[in-house]
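The data block below is coords-v7.cif; it holds mmCIF, C-alpha atoms.
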```cif
data_target
loop_
_atom_site.label_atom_id
_atom_site.label_comp_id
_atom_site.auth_asym_id
_atom_site.auth_seq_id
_atom_site.Cartn_x
_atom_site.Cartn_y
_atom_site.Cartn_z
CA MET K 1 0.08 12.19 -36.19
CA SER K 2 -0.49 11.45 -39.86
CA LEU K 3 -3.31 12.68 -42.05
CA ALA K 4 -4.75 9.19 -42.07
CA ASP K 5 -4.93 9.27 -38.28
CA LEU K 6 -6.74 12.57 -38.35
CA PHE K 7 -9.26 11.17 -40.76
CA ARG K 8 -9.65 8.02 -38.70
CA LYS K 9 -10.19 10.02 -35.53
CA LYS K 10 -13.26 11.59 -36.99
CA SER K 11 -14.78 8.49 -38.47
CA THR K 12 -14.84 5.72 -35.87
CA SER K 13 -17.42 5.23 -33.16
CA SER K 14 -14.71 4.44 -30.61
CA ASN K 15 -13.11 7.85 -31.15
CA ASN K 16 -16.52 9.41 -30.91
CA ALA K 17 -17.02 7.60 -27.59
CA LYS K 18 -13.66 8.75 -26.31
CA SER K 19 -14.10 12.41 -27.14
CA ARG K 20 -17.68 12.49 -25.81
CA LEU K 21 -16.52 10.86 -22.59
CA GLN K 22 -13.59 13.25 -22.17
CA LEU K 23 -15.94 16.21 -22.47
CA ALA K 24 -18.52 14.71 -20.12
CA LEU K 25 -15.88 13.90 -17.51
CA VAL K 26 -14.49 17.42 -17.56
CA SER K 27 -17.84 18.76 -16.45
CA ASP K 28 -18.37 15.83 -14.02
CA ARG K 29 -15.03 16.40 -12.33
CA THR K 30 -14.97 20.16 -12.14
CA GLY K 31 -18.60 21.14 -12.17
CA CYS K 32 -17.63 23.26 -15.15
CA SER K 33 -20.01 22.75 -18.07
CA PRO K 34 -18.79 22.47 -21.68
CA GLU K 35 -20.58 25.75 -22.29
CA ILE K 36 -18.48 27.61 -19.71
CA LEU K 37 -15.35 25.97 -21.10
CA GLU K 38 -16.30 27.28 -24.54
CA LYS K 39 -16.65 30.79 -23.10
CA ILE K 40 -13.27 30.54 -21.36
CA LYS K 41 -11.78 29.41 -24.65
CA ASN K 42 -13.25 32.33 -26.59
CA ASP K 43 -12.08 34.85 -24.00
CA ILE K 44 -8.57 33.42 -24.05
CA ILE K 45 -8.54 33.61 -27.84
CA ASP K 46 -9.64 37.25 -27.71
CA VAL K 47 -6.94 38.22 -25.21
CA ILE K 48 -4.10 36.42 -26.96
CA SER K 49 -5.21 37.61 -30.40
CA LYS K 50 -4.51 41.18 -29.30
CA TYR K 51 -0.80 40.39 -29.27
CA VAL K 52 -0.16 37.44 -31.58
CA GLU K 53 -1.82 35.76 -34.50
CA ILE K 54 -2.92 32.30 -33.43
CA ASP K 55 -3.83 29.16 -35.33
CA ARG K 56 -7.47 28.79 -34.30
CA ALA K 57 -8.01 25.50 -36.09
CA ASN K 58 -5.41 23.67 -34.01
CA LEU K 59 -6.12 25.33 -30.72
CA ASP K 60 -6.76 23.04 -27.79
CA ILE K 61 -8.06 24.13 -24.41
CA ASN K 62 -9.11 21.63 -21.79
CA ILE K 63 -9.46 21.04 -18.10
CA MET K 64 -7.42 18.02 -17.12
CA GLN K 65 -6.51 16.19 -13.95
CA THR K 66 -2.85 16.60 -13.05
CA LYS K 67 -0.79 15.56 -10.07
CA SER K 68 -0.79 18.24 -7.42
CA GLU K 69 2.56 19.78 -6.51
CA SER K 70 2.53 18.23 -3.08
CA GLY K 71 2.44 14.90 -4.92
CA ASP K 72 -0.67 13.41 -3.36
CA GLY K 73 -3.90 13.40 -5.29
CA ASN K 74 -5.03 15.05 -8.50
CA VAL K 75 -6.07 18.62 -9.05
CA PRO K 76 -7.82 20.10 -12.06
CA ALA K 77 -5.63 22.24 -14.30
CA LEU K 78 -6.50 24.37 -17.29
CA TYR K 79 -4.41 23.12 -20.15
CA ALA K 80 -4.05 25.28 -23.23
CA ASN K 81 -2.11 24.52 -26.38
CA ILE K 82 -2.25 27.57 -28.60
CA PRO K 83 -0.15 27.45 -31.78
CA ILE K 84 1.15 30.88 -32.75
CA LYS K 85 1.23 31.73 -36.44
CA GLU K 86 3.02 35.03 -36.22
CA LEU K 87 3.97 37.52 -33.57
CA LYS K 88 2.30 40.83 -34.33
CA ARG K 89 4.59 43.79 -34.56
CA HIS K 90 3.95 46.15 -31.71
CA GLU K 91 3.47 49.71 -32.73
CA LYS K 92 3.76 52.56 -30.38
CA MET E 1 -0.78 -8.99 8.01
CA GLY E 2 -3.30 -9.44 5.22
CA GLU E 3 -4.33 -6.96 2.57
CA VAL E 4 -7.95 -5.94 2.03
CA ILE E 5 -8.91 -5.42 -1.63
CA VAL E 6 -12.27 -4.03 -2.73
CA VAL E 7 -13.56 -4.86 -6.22
CA THR E 8 -15.81 -2.03 -7.35
CA SER E 9 -17.15 -0.34 -10.49
CA GLY E 10 -20.07 2.00 -9.93
CA LYS E 11 -22.08 0.57 -12.80
CA GLY E 12 -23.68 -2.83 -12.42
CA GLY E 13 -23.14 -5.75 -14.76
CA VAL E 14 -19.54 -5.02 -15.74
CA GLY E 15 -18.10 -8.10 -14.03
CA LYS E 16 -17.33 -7.25 -10.40
CA THR E 17 -18.50 -10.60 -9.04
CA THR E 18 -16.84 -12.60 -11.83
CA THR E 19 -13.63 -10.66 -11.20
CA THR E 20 -13.82 -11.22 -7.44
CA ALA E 21 -14.38 -14.97 -7.92
CA ASN E 22 -11.53 -15.34 -10.41
CA VAL E 23 -9.01 -13.11 -8.65
CA GLY E 24 -9.77 -14.79 -5.32
CA THR E 25 -9.49 -18.29 -6.74
CA GLY E 26 -6.33 -17.32 -8.62
CA LEU E 27 -4.64 -15.98 -5.49
CA ALA E 28 -5.59 -19.19 -3.67
CA LYS E 29 -4.00 -21.15 -6.53
CA LEU E 30 -0.86 -19.08 -5.94
CA ASP E 31 -0.84 -20.47 -2.37
CA LYS E 32 -2.24 -17.37 -0.72
CA LYS E 33 -4.85 -17.75 1.99
CA VAL E 34 -7.89 -15.88 0.72
CA VAL E 35 -11.35 -14.97 1.98
CA LEU E 36 -13.95 -13.50 -0.36
CA ILE E 37 -16.68 -11.35 1.18
CA ASP E 38 -19.92 -10.70 -0.67
CA THR E 39 -20.97 -7.26 0.58
CA ASP E 40 -23.99 -7.01 -1.71
CA ILE E 41 -26.56 -7.51 1.05
CA GLY E 42 -29.97 -8.44 -0.37
CA LEU E 43 -28.58 -9.44 -3.78
CA ARG E 44 -26.40 -12.45 -3.03
CA ASN E 45 -24.42 -13.62 -6.08
CA LEU E 46 -20.82 -14.49 -5.31
CA ASP E 47 -21.85 -17.87 -3.80
CA VAL E 48 -23.45 -19.10 -7.06
CA VAL E 49 -20.59 -17.85 -9.21
CA LEU E 50 -18.22 -19.85 -6.99
CA GLY E 51 -20.53 -22.87 -6.88
CA LEU E 52 -20.87 -22.71 -3.09
CA GLU E 53 -24.55 -21.79 -2.84
CA ASN E 54 -25.59 -25.07 -1.24
CA ARG E 55 -23.24 -24.74 1.70
CA ILE E 56 -24.39 -21.50 3.30
CA VAL E 57 -25.37 -21.66 6.96
CA TYR E 58 -24.50 -18.24 8.35
CA ASN E 59 -23.83 -14.99 6.51
CA LEU E 60 -22.17 -11.57 6.78
CA VAL E 61 -25.04 -10.02 8.73
CA ASP E 62 -25.02 -12.94 11.20
CA VAL E 63 -21.35 -12.26 11.86
CA ILE E 64 -21.87 -8.50 12.27
CA GLU E 65 -24.84 -9.00 14.57
CA GLY E 66 -23.01 -11.59 16.62
CA ASN E 67 -25.35 -14.49 15.84
CA CYS E 68 -22.30 -16.64 15.13
CA ARG E 69 -18.52 -16.55 15.22
CA ILE E 70 -16.65 -15.55 12.04
CA LYS E 71 -15.26 -19.08 11.61
CA GLN E 72 -18.76 -20.59 11.63
CA ALA E 73 -19.85 -18.38 8.73
CA LEU E 74 -16.80 -18.96 6.53
CA ILE E 75 -17.37 -21.56 3.82
CA LYS E 76 -14.26 -23.48 2.90
CA ASP E 77 -13.96 -24.20 -0.81
CA LYS E 78 -13.15 -27.91 -1.04
CA ARG E 79 -11.41 -27.51 -4.41
CA TYR E 80 -8.87 -25.00 -3.07
CA PRO E 81 -7.65 -25.50 0.50
CA ASN E 82 -6.77 -21.79 0.87
CA LEU E 83 -10.07 -20.31 -0.32
CA TYR E 84 -12.99 -19.22 1.88
CA LEU E 85 -16.25 -17.36 1.26
CA LEU E 86 -18.22 -15.16 3.63
CA PRO E 87 -21.60 -15.01 1.89
CA SER E 88 -24.00 -12.09 1.95
CA ALA E 89 -27.46 -12.12 3.54
CA GLN E 90 -30.28 -12.48 1.05
CA THR E 91 -33.21 -11.31 3.19
CA ARG E 92 -31.74 -8.08 4.59
CA ASP E 93 -30.64 -4.78 3.06
CA LYS E 94 -27.56 -2.56 3.02
CA SER E 95 -28.54 -0.75 6.23
CA ALA E 96 -27.98 -3.96 8.24
CA VAL E 97 -24.26 -3.14 8.29
CA ASN E 98 -22.27 0.09 8.73
CA PRO E 99 -18.73 1.08 7.65
CA GLU E 100 -17.28 0.89 11.20
CA GLU E 101 -18.50 -2.70 11.59
CA MET E 102 -17.01 -3.65 8.22
CA LYS E 103 -13.69 -2.09 9.15
CA LEU E 104 -13.62 -4.03 12.39
CA LEU E 105 -14.39 -7.26 10.54
CA CYS E 106 -11.58 -6.60 8.05
CA ASP E 107 -9.13 -5.94 10.87
CA GLN E 108 -10.06 -9.25 12.50
CA LEU E 109 -9.65 -11.18 9.24
CA LYS E 110 -6.30 -9.56 8.42
CA GLY E 111 -4.55 -11.66 11.04
CA GLU E 112 -5.88 -14.90 9.55
CA PHE E 113 -5.69 -14.32 5.77
CA ASP E 114 -3.22 -13.01 3.17
CA TYR E 115 -5.98 -11.43 1.10
CA ILE E 116 -9.49 -10.32 2.02
CA ILE E 117 -11.40 -9.49 -1.17
CA MET E 118 -14.66 -7.56 -0.97
CA ASP E 119 -17.20 -7.83 -3.78
CA CYS E 120 -18.81 -4.38 -3.78
CA PRO E 121 -22.41 -3.76 -4.84
CA ALA E 122 -23.17 -1.43 -7.76
CA GLY E 123 -23.90 2.18 -6.90
CA ILE E 124 -22.29 4.76 -4.63
CA GLU E 125 -24.56 4.53 -1.61
CA GLN E 126 -24.39 2.68 1.72
CA GLY E 127 -23.32 -0.65 0.21
CA PHE E 128 -20.36 0.99 -1.52
CA LYS E 129 -19.37 2.84 1.65
CA ASN E 130 -19.51 -0.42 3.62
CA ALA E 131 -17.39 -2.27 1.08
CA ILE E 132 -14.59 0.31 0.87
CA ALA E 133 -14.44 1.12 4.60
CA GLY E 134 -11.80 -1.42 5.55
CA ALA E 135 -10.03 -1.67 2.20
CA ASP E 136 -6.30 -1.04 1.68
CA ARG E 137 -6.57 -1.02 -2.09
CA ALA E 138 -9.19 -1.06 -4.82
CA LEU E 139 -9.65 -2.78 -8.15
CA VAL E 140 -11.96 -0.73 -10.36
CA VAL E 141 -13.63 -2.86 -13.03
CA THR E 142 -14.97 -1.27 -16.19
CA THR E 143 -15.94 -2.32 -19.70
CA PRO E 144 -14.94 -0.19 -22.72
CA GLU E 145 -18.35 1.51 -22.87
CA VAL E 146 -19.19 5.15 -22.22
CA SER E 147 -21.59 4.45 -19.34
CA ALA E 148 -19.24 2.10 -17.50
CA VAL E 149 -16.19 4.36 -17.96
CA ARG E 150 -18.08 7.42 -16.76
CA ASP E 151 -19.21 5.57 -13.63
CA ALA E 152 -15.67 4.27 -13.09
CA ASP E 153 -14.41 7.86 -13.15
CA ARG E 154 -16.92 8.81 -10.49
CA ILE E 155 -15.90 5.83 -8.36
CA ILE E 156 -12.21 6.69 -8.73
CA GLY E 157 -12.99 10.20 -7.52
CA LEU E 158 -14.86 8.84 -4.49
CA LEU E 159 -12.05 6.40 -3.68
CA GLU E 160 -9.58 9.29 -3.79
CA ALA E 161 -11.81 11.37 -1.55
CA ASN E 162 -11.85 8.45 0.90
CA GLU E 163 -8.04 8.29 0.79
CA MET E 164 -7.79 4.83 -0.76
CA LYS E 165 -4.09 4.03 -0.73
CA ARG E 166 -3.98 2.35 -4.11
CA THR E 167 -6.44 2.04 -6.99
CA ASP E 168 -5.88 -0.07 -10.11
CA LEU E 169 -8.01 -0.53 -13.21
CA ILE E 170 -9.28 -3.71 -14.86
CA VAL E 171 -10.71 -3.34 -18.36
CA ASN E 172 -13.14 -6.20 -18.75
CA ARG E 173 -14.89 -7.75 -21.74
CA LEU E 174 -12.65 -6.21 -24.37
CA ARG E 175 -13.42 -7.34 -27.91
CA VAL E 176 -10.22 -7.10 -29.91
CA ASP E 177 -12.06 -7.50 -33.22
CA MET E 178 -14.26 -4.49 -32.47
CA VAL E 179 -11.28 -2.43 -31.28
CA ALA E 180 -9.51 -3.23 -34.56
CA ARG E 181 -12.56 -2.00 -36.50
CA GLY E 182 -12.67 1.20 -34.46
CA ASP E 183 -15.99 0.26 -32.92
CA MET E 184 -14.81 -0.19 -29.34
CA MET E 185 -12.46 1.88 -27.19
CA SER E 186 -9.15 0.13 -26.56
CA SER E 187 -7.75 -0.39 -23.07
CA ASP E 188 -5.30 2.44 -23.87
CA ASP E 189 -8.23 4.74 -24.64
CA VAL E 190 -9.83 3.88 -21.29
CA VAL E 191 -6.56 4.41 -19.41
CA ASP E 192 -6.11 7.75 -21.21
CA ILE E 193 -9.51 8.88 -20.01
CA LEU E 194 -9.30 7.61 -16.43
CA SER E 195 -5.54 8.13 -15.93
CA ILE E 196 -5.01 5.40 -13.34
CA ASN E 197 -2.75 2.36 -13.34
CA LEU E 198 -3.96 -0.56 -15.48
CA ILE E 199 -3.57 -3.92 -13.74
CA GLY E 200 -5.33 -6.13 -16.26
CA VAL E 201 -7.26 -6.47 -19.51
CA VAL E 202 -9.73 -9.34 -19.72
CA PRO E 203 -10.98 -10.20 -23.21
CA ASP E 204 -14.63 -11.00 -23.77
CA ASP E 205 -14.76 -14.77 -23.66
CA GLU E 206 -17.71 -17.17 -24.01
CA ARG E 207 -16.02 -19.48 -21.56
CA ILE E 208 -16.74 -17.03 -18.75
CA VAL E 209 -20.45 -17.74 -19.25
CA VAL E 210 -19.80 -21.48 -19.23
CA SER E 211 -17.65 -21.24 -16.11
CA THR E 212 -20.32 -19.24 -14.32
CA ASN E 213 -22.96 -21.77 -15.38
CA ASN E 214 -20.87 -24.47 -13.75
CA GLY E 215 -19.85 -22.47 -10.68
CA GLU E 216 -16.17 -22.98 -11.47
CA PRO E 217 -13.96 -19.91 -11.91
CA LEU E 218 -11.75 -20.33 -15.00
CA VAL E 219 -8.70 -18.44 -13.71
CA GLY E 220 -5.48 -20.15 -14.70
CA ASP E 221 -6.93 -22.35 -17.46
CA ASP E 222 -5.77 -22.04 -21.07
CA SER E 223 -8.49 -19.63 -22.19
CA LEU E 224 -7.48 -16.02 -22.80
CA ALA E 225 -9.72 -14.82 -19.98
CA GLY E 226 -8.29 -17.48 -17.66
CA GLN E 227 -4.76 -16.34 -18.46
CA ALA E 228 -5.68 -12.68 -18.12
CA TYR E 229 -7.14 -13.28 -14.64
CA MET E 230 -4.09 -15.23 -13.53
CA ASN E 231 -1.86 -12.41 -14.74
CA ILE E 232 -3.88 -9.96 -12.64
CA CYS E 233 -3.33 -12.19 -9.60
CA ARG E 234 0.41 -12.29 -10.22
CA ARG E 235 0.52 -8.50 -10.51
CA ILE E 236 -1.42 -8.20 -7.25
CA ILE E 237 1.21 -10.21 -5.40
CA GLY E 238 3.86 -7.92 -6.87
CA GLU E 239 5.16 -9.86 -9.87
CA ASP E 240 6.00 -7.94 -13.01
CA VAL E 241 3.96 -9.71 -15.67
CA PRO E 242 3.80 -8.43 -19.27
CA PHE E 243 0.33 -7.84 -20.69
CA LEU E 244 -1.09 -10.54 -22.97
CA ASP E 245 -0.82 -9.54 -26.59
CA LEU E 246 -4.46 -10.04 -27.43
CA ASN E 247 -3.89 -8.83 -30.98
CA VAL E 248 -1.69 -11.78 -31.87
CA LYS E 249 -4.67 -14.03 -31.34
CA LYS E 250 -6.69 -12.28 -34.03
CA GLY E 251 -7.41 -15.52 -35.86
CA PHE E 252 -8.64 -17.08 -32.64
CA PHE E 253 -10.82 -14.08 -31.91
CA SER E 254 -12.36 -13.86 -35.32
CA ARG E 255 -13.24 -17.52 -34.98
CA LEU E 256 -14.81 -16.80 -31.62
CA PHE E 257 -16.72 -13.70 -32.59
CA GLY E 258 -16.76 -13.69 -36.38
CA LYS E 259 -20.10 -15.42 -36.62
CA ASN E 260 -21.92 -12.97 -34.39
#
```
Hey, can you dump this file as C-alpha cells for me?
Amino acid sequence: MSLADLFRKKSTSSNNAKSRLQLALVSDRTGCSPEILEKIKNDIIDVISKYVEIDRANLDINIMQTKSESGDGNVPALYANIPIKELKRHEK
Amino acid sequence: MGEVIVVTSGKGGVGKTTTTANVGTGLAKLDKKVVLIDTDIGLRNLDVVLGLENRIVYNLVDVIEGNCRIKQALIKDKRYPNLYLLPSAQTRDKSAVNPEEMKLLCDQLKGEFDYIIMDCPAGIEQGFKNAIAGADRALVVTTPEVSAVRDADRIIGLLEANEMKRTDLIVNRLRVDMVARGDMMSSDDVVDILSINLIGVVPDDERIVVSTNNGEPLVGDDSLAGQAYMNICRRIIGEDVPFLDLNVKKGFFSRLFGKN
C-alpha cells in the first residue's frame, strides 16, 4: 500500500462507508460491541507489551468471519495483526 | 428436476423485483422453462414490472388454498414461450401462506420447470420465511449503500442459519463515476464486507426505469444493464462469463450521469 493510498483511505466517503460498515457488522454478527472490542484490544496490548515492544500505530485487531475447520459455514474468529518493533531482553 | 432460486435483499427498494423480472426473462431467452412467483402477498408488483397485470385471474393464495389448479393460475408470457408468472394476491397478507405450503408448491413446480424464481418481500418476517422455504439457492441483491449492505449481511446470516445450499451476491445500481470519485463503494468493497460469491454487477441505468414503465424487461438488449443481467443468467446456468468492464465505458457513463 502506498502513501497515496493511505491518504485516500482517510479522505473518501466510500472508504468511510466501508470502515463504518465493517465495524457495525462485527457487532451485528457477534453481539460484541465496538466498545468491548476496544477493551479486548487494550488488554491484548498490555499483555504483549510485557514481553515485546509493539508498533501501536499499525496494530489491527478485528473479529472476522472465517470458514470453520469442518468446512461448512462461517465462524467468528479474533484476528490480530500486531507488528513487533523489538523483542525486549528478558532479565532474570 | 428444476432449481428453485429466491431473490432476496432484506432492505426494500434495492431492485429485487426488477432483478427477478430480468433474470427470469433472461433464462427464458436462454431456452429454459421458467416460472416467476411473486411471494410479496398484499404488495403485488412483479406483474406490472413484467407487463402482465391485465391478465391475472387466479393468484398464489388461490393455488395454496385450492381454489384453482396451479396451471389455471400461471400466466403465460406471450413474448417468451418459456416464461410464466404466478402472481401474488393483492387483498391478503403474508399469513395467508406458510413455509410448508410454499415448499410443497415448489416441489410440484420442479417437475414442470427448469427454474422457479421467487421474488421475496422486503424484511425478515413471515414473507421472507415463506419465500426461502423451498429454495435451493439464493440471489442476494444489494446496492452499494451502507443500509442495503448491512441488511444484506443480516439476510446472508439468516440464509446460512436456514442451511441455504448456495448464496450469490448481485450488486445493483452501481455508479461507476461515483466509485471513481471515491463517493460510492465499489463492488469489490461490498464483496470484501459480505465475503460471499459475486454473481453480477448491474450498473445504474436510466433504461431500467424506461423498461419498467413499459413493462418490458431489458435483459439481453445492448444497454449495460441489459448485458449485465444476461451475464448473470449465463452464470446461473453454469457458464463462465467474465465480468463487464464497466470502467472502460467511462465516456458513456459520464454522458449518462454527468449532467446530474
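CA of Met184 (chain E) sits 26.8 Å away from CA of Asp119 (chain E).
With all atoms listed in the file as the basis for measurement, E:Ser88 is the residue among E:Ser88, E:Gln108, E:Ser223, E:Ser147 that approaches Leu43 (chain E) most closely.
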- prompt: Got a sec to resolve the PyMOL selection byres ((chain K and resi 58) around 10) on this structure and send the residues as a VMD selection string?
  reply: chain K and resid 54 to 57 59 to 61 81 to 84
task: Do me a favour and pick out the residues of chain E within 12 Å of chain K, using all atoms listed in the file, as a PyMOL selection string.
output: chain E and resi 144-167+178-196
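In this comparison, which uses only C-alpha atoms, the residue of E:Asn130, E:Arg44, E:Cys68, E:Leu109 approaching Thr91 (chain E) most closely is E:Arg44.
Straight-line separation from CA of Pro242 (chain E) to CA of Asp204 (chain E): 19.1 Å.
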- prompt: Any idea what's packed within 9 Å of Val4 (chain E), counting all atoms listed in the file, ignoring anything in its chain fewer than 3 positions away? Could you give it as a PyMOL selection string?
  reply: chain E and resi 106-107+110+114-118+134-138
task: Might you spell out which residues the PyMOL selection byres ((chain E and resi 24) around 12) would select in the displayed file, as a ChimeraX atom specification?
output: /E:4-7,16-23,25-38,46,49-50,77,80,82-85,113-119,217-220,229-230,232-234,236-237
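In this model, the gap between CA of Phe128 (chain E) and CA of Asp168 (chain E) comes to 16.9 Å.
Selection check: the PyMOL selection byres ((chain E and resi 14) around 9) on the shown file gives Ser9, Lys11, Gly12, Gly13, Gly15, Lys16, Thr17, Thr18, Val141, Thr142, Thr143, Ala148, Asn172 and Arg173 of chain E.
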task: Quick one: everything within 7 Å of region 93-103 of chain E, counting all atoms listed in the file, minus sequence neighbours fewer than 5 positions away in the same chain. Send it as a PyMOL selection string.
output: chain E and resi 41-42+61+64+126-127+129-130+133-134
task: Please provide as JSON, numbers by chain all residues within 9 Å of Val48 (chain E), with the sequence filter that same-chain residues fewer than 6 positions apart are discarded (counting only C-alpha atoms).
output: {"E": [54, 212, 213, 214, 215]}
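For the choices E:Ile199, E:Ala228, E:Ala89, E:Val63, the atom-to-atom distance to Leu246 (chain E) is smallest for E:Ala228 when using all atoms listed in the file.
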query: Hey, what's within 9 Å of region 32-38 of chain K if we count only C-alpha atoms and toss same-chain stuff fewer than 5 positions away? As a ChimeraX atom specification, please?
result: /K:23-24,26-27,43,61-63
From the block I gave, I'd like region 102-126 of chain E written with N, CA and C atoms, as a PDB file, in the first residue's frame.
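The file below, selection_13.pdb, is the result:
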```pdb
ATOM      1  N   MET E 102     -45.460 -23.446   0.841  1.00  0.00           N
ATOM      2  CA  MET E 102     -44.596 -22.940  -0.231  1.00  0.00           C
ATOM      3  C   MET E 102     -43.635 -24.024  -0.711  1.00  0.00           C
ATOM      4  N   LYS E 103     -43.130 -24.792   0.235  1.00  0.00           N
ATOM      5  CA  LYS E 103     -42.193 -25.860  -0.108  1.00  0.00           C
ATOM      6  C   LYS E 103     -42.874 -26.901  -0.991  1.00  0.00           C
ATOM      7  N   LEU E 104     -44.095 -27.225  -0.626  1.00  0.00           N
ATOM      8  CA  LEU E 104     -44.871 -28.200  -1.388  1.00  0.00           C
ATOM      9  C   LEU E 104     -45.114 -27.693  -2.812  1.00  0.00           C
ATOM     10  N   LEU E 105     -45.460 -26.404  -2.911  1.00  0.00           N
ATOM     11  CA  LEU E 105     -45.699 -25.798  -4.224  1.00  0.00           C
ATOM     12  C   LEU E 105     -44.426 -25.862  -5.087  1.00  0.00           C
ATOM     13  N   CYS E 106     -43.295 -25.513  -4.476  1.00  0.00           N
ATOM     14  CA  CYS E 106     -42.015 -25.566  -5.206  1.00  0.00           C
ATOM     15  C   CYS E 106     -41.750 -26.976  -5.710  1.00  0.00           C
ATOM     16  N   ASP E 107     -41.964 -27.959  -4.845  1.00  0.00           N
ATOM     17  CA  ASP E 107     -41.708 -29.349  -5.228  1.00  0.00           C
ATOM     18  C   ASP E 107     -42.575 -29.764  -6.413  1.00  0.00           C
ATOM     19  N   GLN E 108     -43.829 -29.286  -6.423  1.00  0.00           N
ATOM     20  CA  GLN E 108     -44.716 -29.615  -7.541  1.00  0.00           C
ATOM     21  C   GLN E 108     -44.241 -28.962  -8.840  1.00  0.00           C
ATOM     22  N   LEU E 109     -43.755 -27.713  -8.732  1.00  0.00           N
ATOM     23  CA  LEU E 109     -43.338 -26.977  -9.936  1.00  0.00           C
ATOM     24  C   LEU E 109     -42.005 -27.468 -10.490  1.00  0.00           C
ATOM     25  N   LYS E 110     -41.186 -28.078  -9.621  1.00  0.00           N
ATOM     26  CA  LYS E 110     -39.859 -28.537 -10.036  1.00  0.00           C
ATOM     27  C   LYS E 110     -39.910 -29.556 -11.172  1.00  0.00           C
ATOM     28  N   GLY E 111     -40.975 -30.333 -11.219  1.00  0.00           N
ATOM     29  CA  GLY E 111     -41.091 -31.336 -12.259  1.00  0.00           C
ATOM     30  C   GLY E 111     -41.386 -30.725 -13.616  1.00  0.00           C
ATOM     31  N   GLU E 112     -41.981 -29.546 -13.604  1.00  0.00           N
ATOM     32  CA  GLU E 112     -42.511 -28.892 -14.806  1.00  0.00           C
ATOM     33  C   GLU E 112     -41.516 -27.880 -15.397  1.00  0.00           C
ATOM     34  N   PHE E 113     -40.728 -27.236 -14.517  1.00  0.00           N
ATOM     35  CA  PHE E 113     -39.910 -26.089 -14.939  1.00  0.00           C
ATOM     36  C   PHE E 113     -38.421 -26.310 -14.650  1.00  0.00           C
ATOM     37  N   ASP E 114     -37.573 -25.632 -15.456  1.00  0.00           N
ATOM     38  CA  ASP E 114     -36.129 -25.666 -15.204  1.00  0.00           C
ATOM     39  C   ASP E 114     -35.766 -24.746 -14.036  1.00  0.00           C
ATOM     40  N   TYR E 115     -36.419 -23.579 -13.995  1.00  0.00           N
ATOM     41  CA  TYR E 115     -36.138 -22.623 -12.927  1.00  0.00           C
ATOM     42  C   TYR E 115     -37.431 -22.064 -12.353  1.00  0.00           C
ATOM     43  N   ILE E 116     -37.507 -22.071 -11.025  1.00  0.00           N
ATOM     44  CA  ILE E 116     -38.618 -21.454 -10.312  1.00  0.00           C
ATOM     45  C   ILE E 116     -37.994 -20.305  -9.527  1.00  0.00           C
ATOM     46  N   ILE E 117     -38.363 -19.069  -9.863  1.00  0.00           N
ATOM     47  CA  ILE E 117     -37.711 -17.916  -9.236  1.00  0.00           C
ATOM     48  C   ILE E 117     -38.699 -17.179  -8.346  1.00  0.00           C
ATOM     49  N   MET E 118     -38.355 -17.053  -7.081  1.00  0.00           N
ATOM     50  CA  MET E 118     -39.245 -16.442  -6.102  1.00  0.00           C
ATOM     51  C   MET E 118     -38.806 -15.007  -5.839  1.00  0.00           C
ATOM     52  N   ASP E 119     -39.721 -14.069  -6.038  1.00  0.00           N
ATOM     53  CA  ASP E 119     -39.462 -12.676  -5.684  1.00  0.00           C
ATOM     54  C   ASP E 119     -39.870 -12.500  -4.225  1.00  0.00           C
ATOM     55  N   CYS E 120     -38.883 -12.286  -3.366  1.00  0.00           N
ATOM     56  CA  CYS E 120     -39.100 -12.236  -1.914  1.00  0.00           C
ATOM     57  C   CYS E 120     -39.503 -10.826  -1.478  1.00  0.00           C
ATOM     58  N   PRO E 121     -40.405 -10.705  -0.515  1.00  0.00           N
ATOM     59  CA  PRO E 121     -40.693  -9.361   0.006  1.00  0.00           C
ATOM     60  C   PRO E 121     -39.529  -8.834   0.844  1.00  0.00           C
ATOM     61  N   ALA E 122     -39.501  -7.525   1.075  1.00  0.00           N
ATOM     62  CA  ALA E 122     -38.506  -6.939   1.975  1.00  0.00           C
ATOM     63  C   ALA E 122     -38.784  -7.429   3.392  1.00  0.00           C
ATOM     64  N   GLY E 123     -37.772  -7.331   4.240  1.00  0.00           N
ATOM     65  CA  GLY E 123     -37.971  -7.719   5.637  1.00  0.00           C
ATOM     66  C   GLY E 123     -37.491  -9.131   5.917  1.00  0.00           C
ATOM     67  N   ILE E 124     -37.590  -9.524   7.198  1.00  0.00           N
ATOM     68  CA  ILE E 124     -37.098 -10.851   7.598  1.00  0.00           C
ATOM     69  C   ILE E 124     -38.201 -11.644   8.295  1.00  0.00           C
ATOM     70  N   GLU E 125     -39.440 -11.236   8.097  1.00  0.00           N
ATOM     71  CA  GLU E 125     -40.537 -11.881   8.807  1.00  0.00           C
ATOM     72  C   GLU E 125     -41.160 -12.993   7.964  1.00  0.00           C
ATOM     73  N   GLN E 126     -42.435 -13.265   8.226  1.00  0.00           N
ATOM     74  CA  GLN E 126     -43.158 -14.367   7.584  1.00  0.00           C
ATOM     75  C   GLN E 126     -42.968 -14.452   6.073  1.00  0.00           C
TER      76      GLN E 126
END
```
